Protein chains: 2
Amino acid sequence: MPRHDAFTLALDAMGGDHAPDAVIKGASIVALRYPKMRFLFFGDQAQIEAKITRNRRLKKRSDIIHTDSVVAAEEKPSIALRKGRESSMWKAIQAVAEGKADAIVSGGNTGALMAMSKLILGSLPGIQRPAIASLMPTLHGDSVMLDLGANLECNAEQLFQFAIMGDAFARAALGLESPSLGLLNVGSEEMKGHESLREAHRRLRENRIGLNFYGFVEGDDIAKGTVDVVVTDGFTGNVALKTIEGTGQLVNRFLKRVITANLRSRLGYFIARAAFKKLKQQLDPQHYNGAVFLGLGGIVVKSHGGAQARGMANAIALTADTVIYGTKKRVIEELAALDLRAREQLQPEIQETAQAAALAENG
Amino acid sequence: MPRHDAFTLALDAMGGDHAPDAVIKGASIVALRYPKMRFLFFGDQAQIEAKITRNRRLKKRSDIIHTDSVVAAEEKPSIALRKGRESSMWKAIQAVAEGKADAIVSGGNTGALMAMSKLILGSLPGIQRPAIASLMPTLHGDSVMLDLGANLECNAEQLFQFAIMGDAFARAALGLESPSLGLLNVGSEEMKGHESLREAHRRLRENRIGLNFYGFVEGDDIAKGTVDVVVTDGFTGNVALKTIEGTGQLVNRFLKRVITANLRSRLGYFIARAAFKKLKQQLDPQHYNGAVFLGLGGIVVKSHGGAQARGMANAIALTADTVIYGTKKRVIEELAALDLRAREQLQPEIQETAQAAALAENG
């Protein structure tokens with residue numbers, strides 16, 4: 001991790017099945033790793049305070065902002081947008097918009113979080129659609145996949161932009177210099193797949209902004225780790241992500257079933273239990289907790305609704321890395337480079353944003 | 001298995017990486033289970049004969065039809081169609097069209113097999129697009145998923161037809177009275193997903209032909225076995241299938257890695273090795289070998305190109321069940337019922353085919 005300045009995360013303390021406990025414990029677990037990280041907890045003051053008081057180190061680095069309402073897990077995004085303006089989620093996002101926090105983490109309703117984030121933070125200039133990205137386990141360490149469900153149907157331009165965002169995110173979250181990018185398809189030949197996929201393939205192959213494009217990849221390449229970033233539309237990405245989760249659970253259950261089948265297998269398991277514990281850790285969904293909304297005017301991270309403290313800690317750490325490594329700035333720069341070099345149809349604001357970013361860096 | 005009349009399978013003896021050995025050995029393994037099954041082997045006479053001679057029981061039930069050429073694994077389907085008319089694959093499909101065989105199994109080039117099958121066998125009247133279906137492992141026994149790649153984009157009518165075909169196939173392959181059907185989506189709420197998915201959902205919910213429709217399912221429901229038949233477009237189905245394969249391999253490799261990490265874990269594994277063997281069997285891709293092309297004028301089964309004898313035996317057994325349980329007739333009947341009851345826009349030939357089928361059954 002590079003040396004970094006102080007930064008602040010806004011935490012929706014009321015989001016998720018185990019809120020506010022898991023949120024506060026999660027923050028406490030990860031606080032040690034980032035000595036310059038501060039927290040703004042949004043939620044029920046009395047509840048949060050009661051728990052934070054026990055942890056003096058966390059308390060020193062935290063502020064609590066009281067909110068009266070919570071967005072329900074099953075609330076329709078449109079209703080949450082209208083009625084949720086006093087909620088912990090809304091106020092936490094607003095803190096990012098107002099520059100009081102550098103990013104926000106929530107374990108609440110995904111649809112509401114995306115809708116509020118779009119409304120409050122807006123999209124980056126030039127970005128047609130924000131995307132959801134997450135880390136995935138592979139044979140060769142972690143990789144990134146996006147979009148995981150924000151956009152069900154995507155055209156070539158949007159897929160191309162997802163590649164840019166995925167590239168920036170992989171540099172931040174995985175620390176890679178030049179992450180390889182693959183487009184998810186049903187075959188590796190150039191002629192295969194939807195028209196929008198073939199067009200995105202052409203544009204990525206011919207990109208002149210330094211994207212390291214591998215080509216098409218298939219479903220089994222996700223777990224193989226063939227590429228560092230798997231780019232796909234939100235429908236396919238969501239199905240693939242949940243298929244991986246389901247298959248992992250299936251294997252886990254089968255494993256349990258055969259191991260507890262008789263005394264002999266139980267004995268073998270007992271002897272090798274440390275190995276199995278390691279396996280469990282390697283495939284632990286809590287380790288991969290944290291889906292990052294990319295392409296917005298600020299960093300928003302969704303923690304799994306069912307995450308416990310350890311899962312929340314991982315989501316917070318991912319958010320911290322995304323802030324420290326400047327994912328947002330990187331996306332803006334690549335979009336600007338695209339504009340300058342390829343002279344493509346992006347809006348003039350990008351250049352302004354990029355120039356402002358460059359000025360801010362040099363000045 | 002119900003008592004059944006004699007039937008004949010056409011085998012493309014030259015298709016697949018281990019042909020013709022795996023094809024002949026596979027037939028030999030499964031022949032015992034179906035005493036009234038006969039084989040037509042298409043391929044190089046000398047090679048096949050040399051191997052069959054050693055197995056007297058198989059030889060008695062087999063005929064060899066010599067062919068000179070083989071469709072290459074990487075051949076483009078359009079080229080295979082033009083140049084492959086003397087191939088083992090073409091001749092084997094033709095045997096079904098001519099009524100010399102009840103179904104055909106091939107481990108060769110998938111695209112060529114589908115293209116040739118469409119051309120030679122045609123689609124069932126009323127079926128817009130044939131689909132590819134396969135068995136999948138789940139927590140509650142096997143399930144069926146389709147389409148696995150024949151149709152990348154599907155409208156509501158096509159998805160509805162896939163449900164009919166999946167229903168018929170699940171009755172045959174899984175022996176279920178009233179298989180439950182789910183439409184793969186990114187959420188279970190009715191408002192979610194593409195327009196074509198919502199329309200297919202409405203039509204399936206309102207079906208009056210006895211389809212047991214569960215509703216939308218998500219990626220993790222595939223392995224959970226939430227429904228007996230998962231219906232989806234070929235793009236999503238193909239990605240999901242390969243994602244499952246990839247994830248299974250990943251877990252397998254992780255398991256091997258932790259087990260061989262040290263002496264203690266190796267000892268534990270040694271003691272529990274019978275349990276692990278069972279686990280391996282439960283997840284063995286060879287067990288799930290055999291993708292059935294549904295909706296054609298005849299039953300066509302694609303075996304995995306890399307299948308060994310045991311995998312080929314499973315593909316042949318699946319084909320035999322599909323023939324014995326009358327999957328094709330069932331699809332025709334359901335389409336006819338659809339036509340009679342819902343008076344929808346199906347072509348008149350279906351009624352004729354259904355009437356002919358009914359006559360054949362009663363007469």
# chains A, B, ... in the order shown; residues from 1 in each chain; ligands from 1
>>> residues_around(residues="A:Ile48", least_positions_apart="2", cutoff="12 Å", atoms="only C-alpha atoms", output="number ranges by chain")
A: 11-14, 19-25, 40-46, 50-55, 58-59, 62-67
>>> select_by_dssp(residues="stretch 42-86 of chain A", states="alpha helix (DSSP H)", output="list of chain:residue names")
A:Gln45, A:Ala46, A:Gln47, A:Ile48, A:Glu49, A:Ala50, A:Lys51, A:Ile52, A:Arg56, A:Arg57, A:Leu58, A:Lys59, A:Lys60, A:Pro77, A:Ser78, A:Ile79, A:Ala80, A:Leu81, A:Arg82, A:Lys83
>>> closest_residue(among="A:Asn151, A:Ser78, A:Gln128, A:Gln94", to="chain B", atoms="only C-alpha atoms")
A:Asn151
>>> closest_residue(among="A:Arg57, A:Arg129, A:His140, A:Lys91", to="chain B", atoms="only C-alpha atoms")
A:His140
>>> residues_around(residues="A:Ala6", least_positions_apart="5", cutoff="9 Å", atoms="only C-alpha atoms", output="PyMOL selection string")
chain A and resi 35-38
>>> atom_distance(atom1="atom CA of B:Arg208", atom2="atom CA of B:Glu334")
10.3 Å
>>> residues_around(residues="A:Gly149", least_positions_apart="4", cutoff="7 Å", atoms="only C-alpha atoms", output="ChimeraX atom specification")
/A:132,234-235,237-238
>>> write_last_selection(atoms="N, CA and C atoms", output="PDB file, in the first residue's frame")
ATOM      1  N   ILE A 132     -21.280  -2.377 -11.410  1.00  0.00           N
ATOM      2  CA  ILE A 132     -20.951  -2.986 -10.119  1.00  0.00           C
ATOM      3  C   ILE A 132     -19.838  -4.005 -10.333  1.00  0.00           C
ATOM      4  N   GLY A 234     -24.658  -6.742 -17.120  1.00  0.00           N
ATOM      5  CA  GLY A 234     -25.112  -6.990 -15.759  1.00  0.00           C
ATOM      6  C   GLY A 234     -25.967  -8.231 -15.604  1.00  0.00           C
ATOM      7  N   PHE A 235     -26.678  -8.609 -16.640  1.00  0.00           N
ATOM      8  CA  PHE A 235     -27.503  -9.817 -16.551  1.00  0.00           C
ATOM      9  C   PHE A 235     -26.603 -11.050 -16.448  1.00  0.00           C
ATOM     10  N   GLY A 237     -23.386 -11.186 -15.820  1.00  0.00           N
ATOM     11  CA  GLY A 237     -22.498 -11.096 -14.668  1.00  0.00           C
ATOM     12  C   GLY A 237     -23.192 -11.520 -13.382  1.00  0.00           C
ATOM     13  N   ASN A 238     -24.434 -11.089 -13.232  1.00  0.00           N
ATOM     14  CA  ASN A 238     -25.195 -11.453 -12.036  1.00  0.00           C
ATOM     15  C   ASN A 238     -25.461 -12.951 -11.986  1.00  0.00           C
TER      16      ASN A 238
END
>>> residues_around(residues="B:Trp90", least_positions_apart="6", cutoff="9 Å", atoms="only C-alpha atoms", output="ChimeraX atom specification")
/B:12,71,81,84,113,116-117,120
>>> closest_residue(among="B:Phe293, B:Tyr269, B:Phe160, B:Tyr288", to="chain A", atoms="only C-alpha atoms")
B:Tyr269
>>> closest_residue(among="B:Arg310, B:Lys60, B:Lys224, B:Arg85", to="chain A", atoms="only C-alpha atoms")
B:Lys224
>>> closest_residue(among="B:Ala336, B:Met136, B:Ala261, B:Ala103", to="chain A", atoms="only C-alpha atoms")
B:Ala261
>>> residues_around(residues="B:Met145", least_positions_apart="5", cutoff="10 Å", atoms="only C-alpha atoms", output="list in words")
Ile132, Ala133, Ser134, Leu135, Met136, Phe162, Ala163, Gly166, Ala170, Leu181, Gly182, Leu184, Ile222, Val227, Asp228, Val229, Val230, Val231, Thr232, Gly237, Asn238, Ala240, Leu241 and Ala291 of chain B
>>> write_last_selection(atoms="N, CA, C and O atoms", output="compact mmCIF listing (two decimals), in the first residue's frame")
# COMPACT_ATOMS: atom_id res chain seq x y z
N ILE B 132 -30.47 -26.83 -26.76
CA ILE B 132 -29.56 -27.84 -26.21
C ILE B 132 -29.80 -27.95 -24.71
O ILE B 132 -29.78 -26.95 -24.00
N ALA B 133 -30.04 -29.18 -24.24
CA ALA B 133 -30.33 -29.40 -22.82
C ALA B 133 -29.34 -30.40 -22.23
O ALA B 133 -28.81 -31.25 -22.94
N SER B 134 -29.11 -30.26 -20.93
CA SER B 134 -28.22 -31.21 -20.26
C SER B 134 -28.65 -31.40 -18.81
O SER B 134 -29.37 -30.58 -18.26
N LEU B 135 -28.20 -32.49 -18.22
CA LEU B 135 -28.43 -32.71 -16.79
C LEU B 135 -27.37 -31.96 -15.99
O LEU B 135 -26.23 -31.82 -16.44
N MET B 136 -27.76 -31.47 -14.80
CA MET B 136 -26.85 -30.74 -13.93
C MET B 136 -26.94 -31.32 -12.52
O MET B 136 -28.04 -31.67 -12.07
N PHE B 162 -38.88 -23.57 -25.07
CA PHE B 162 -37.81 -24.28 -24.34
C PHE B 162 -38.40 -24.94 -23.09
O PHE B 162 -37.99 -26.03 -22.70
N ALA B 163 -39.33 -24.23 -22.44
CA ALA B 163 -39.96 -24.79 -21.23
C ALA B 163 -40.70 -26.08 -21.57
O ALA B 163 -40.62 -27.07 -20.84
N GLY B 166 -38.05 -28.70 -22.23
CA GLY B 166 -37.39 -29.07 -20.98
C GLY B 166 -38.28 -29.95 -20.13
O GLY B 166 -37.81 -30.90 -19.50
N ALA B 170 -37.24 -33.63 -19.04
CA ALA B 170 -37.11 -33.97 -17.61
C ALA B 170 -37.96 -35.19 -17.26
O ALA B 170 -37.57 -36.01 -16.43
N LEU B 181 -40.65 -25.95 -13.35
CA LEU B 181 -39.89 -25.18 -14.34
C LEU B 181 -39.59 -23.80 -13.79
O LEU B 181 -40.48 -23.12 -13.27
N GLY B 182 -38.34 -23.34 -13.93
CA GLY B 182 -37.98 -21.99 -13.51
C GLY B 182 -37.32 -21.23 -14.65
O GLY B 182 -36.61 -21.82 -15.47
N LEU B 184 -34.59 -18.48 -15.62
CA LEU B 184 -33.40 -17.88 -15.02
C LEU B 184 -33.41 -16.36 -15.20
O LEU B 184 -33.58 -15.86 -16.30
N ILE B 222 -29.61 -22.86 -9.50
CA ILE B 222 -29.24 -23.98 -10.38
C ILE B 222 -28.70 -25.12 -9.52
O ILE B 222 -29.21 -26.23 -9.55
N VAL B 227 -35.58 -25.83 -8.80
CA VAL B 227 -36.53 -26.35 -9.78
C VAL B 227 -35.89 -27.52 -10.53
O VAL B 227 -34.68 -27.69 -10.52
N ASP B 228 -36.75 -28.31 -11.19
CA ASP B 228 -36.25 -29.46 -11.96
C ASP B 228 -35.71 -29.05 -13.32
O ASP B 228 -34.84 -29.72 -13.88
N VAL B 229 -36.25 -27.97 -13.86
CA VAL B 229 -35.82 -27.51 -15.19
C VAL B 229 -35.54 -26.01 -15.13
O VAL B 229 -36.41 -25.22 -14.75
N VAL B 230 -34.31 -25.63 -15.48
CA VAL B 230 -33.94 -24.21 -15.55
C VAL B 230 -33.97 -23.80 -17.02
O VAL B 230 -33.25 -24.36 -17.84
N VAL B 231 -34.84 -22.83 -17.34
CA VAL B 231 -35.00 -22.36 -18.72
C VAL B 231 -34.29 -21.03 -18.89
O VAL B 231 -34.49 -20.11 -18.08
N THR B 232 -33.47 -20.92 -19.93
CA THR B 232 -32.77 -19.65 -20.18
C THR B 232 -32.36 -19.58 -21.64
O THR B 232 -32.47 -20.55 -22.38
N GLY B 237 -27.19 -19.55 -20.63
CA GLY B 237 -27.07 -20.96 -20.28
C GLY B 237 -25.66 -21.47 -20.49
O GLY B 237 -25.11 -22.21 -19.67
N ASN B 238 -25.05 -21.05 -21.60
CA ASN B 238 -23.70 -21.49 -21.90
C ASN B 238 -22.71 -20.93 -20.89
O ASN B 238 -21.83 -21.64 -20.38
N ALA B 240 -23.41 -19.96 -17.82
CA ALA B 240 -23.67 -20.59 -16.52
C ALA B 240 -23.07 -22.00 -16.47
O ALA B 240 -22.41 -22.37 -15.50
N LEU B 241 -23.28 -22.78 -17.53
CA LEU B 241 -22.76 -24.14 -17.58
C LEU B 241 -21.24 -24.15 -17.42
O LEU B 241 -20.68 -24.90 -16.61
N ALA B 291 -25.34 -33.78 -24.10
CA ALA B 291 -26.23 -32.63 -24.28
C ALA B 291 -27.21 -32.99 -25.38
O ALA B 291 -26.81 -33.41 -26.47
>>> closest_residue(among="B:Gln249, B:Thr236, B:Ser69, B:Asn185", to="B:Glu218", atoms="only C-alpha atoms")
B:Asn185
>>> residues_around(residues="stretch 296-308 of chain B", least_positions_apart="3", cutoff="9 Å", atoms="only C-alpha atoms", output="ChimeraX atom specification")
/B:15-19,21-23,25-26,73,93,96-97,102-110,113-114,117-118,120-125,127,129-132,285-286,289-293,311-316,318-319,322-323,327-328
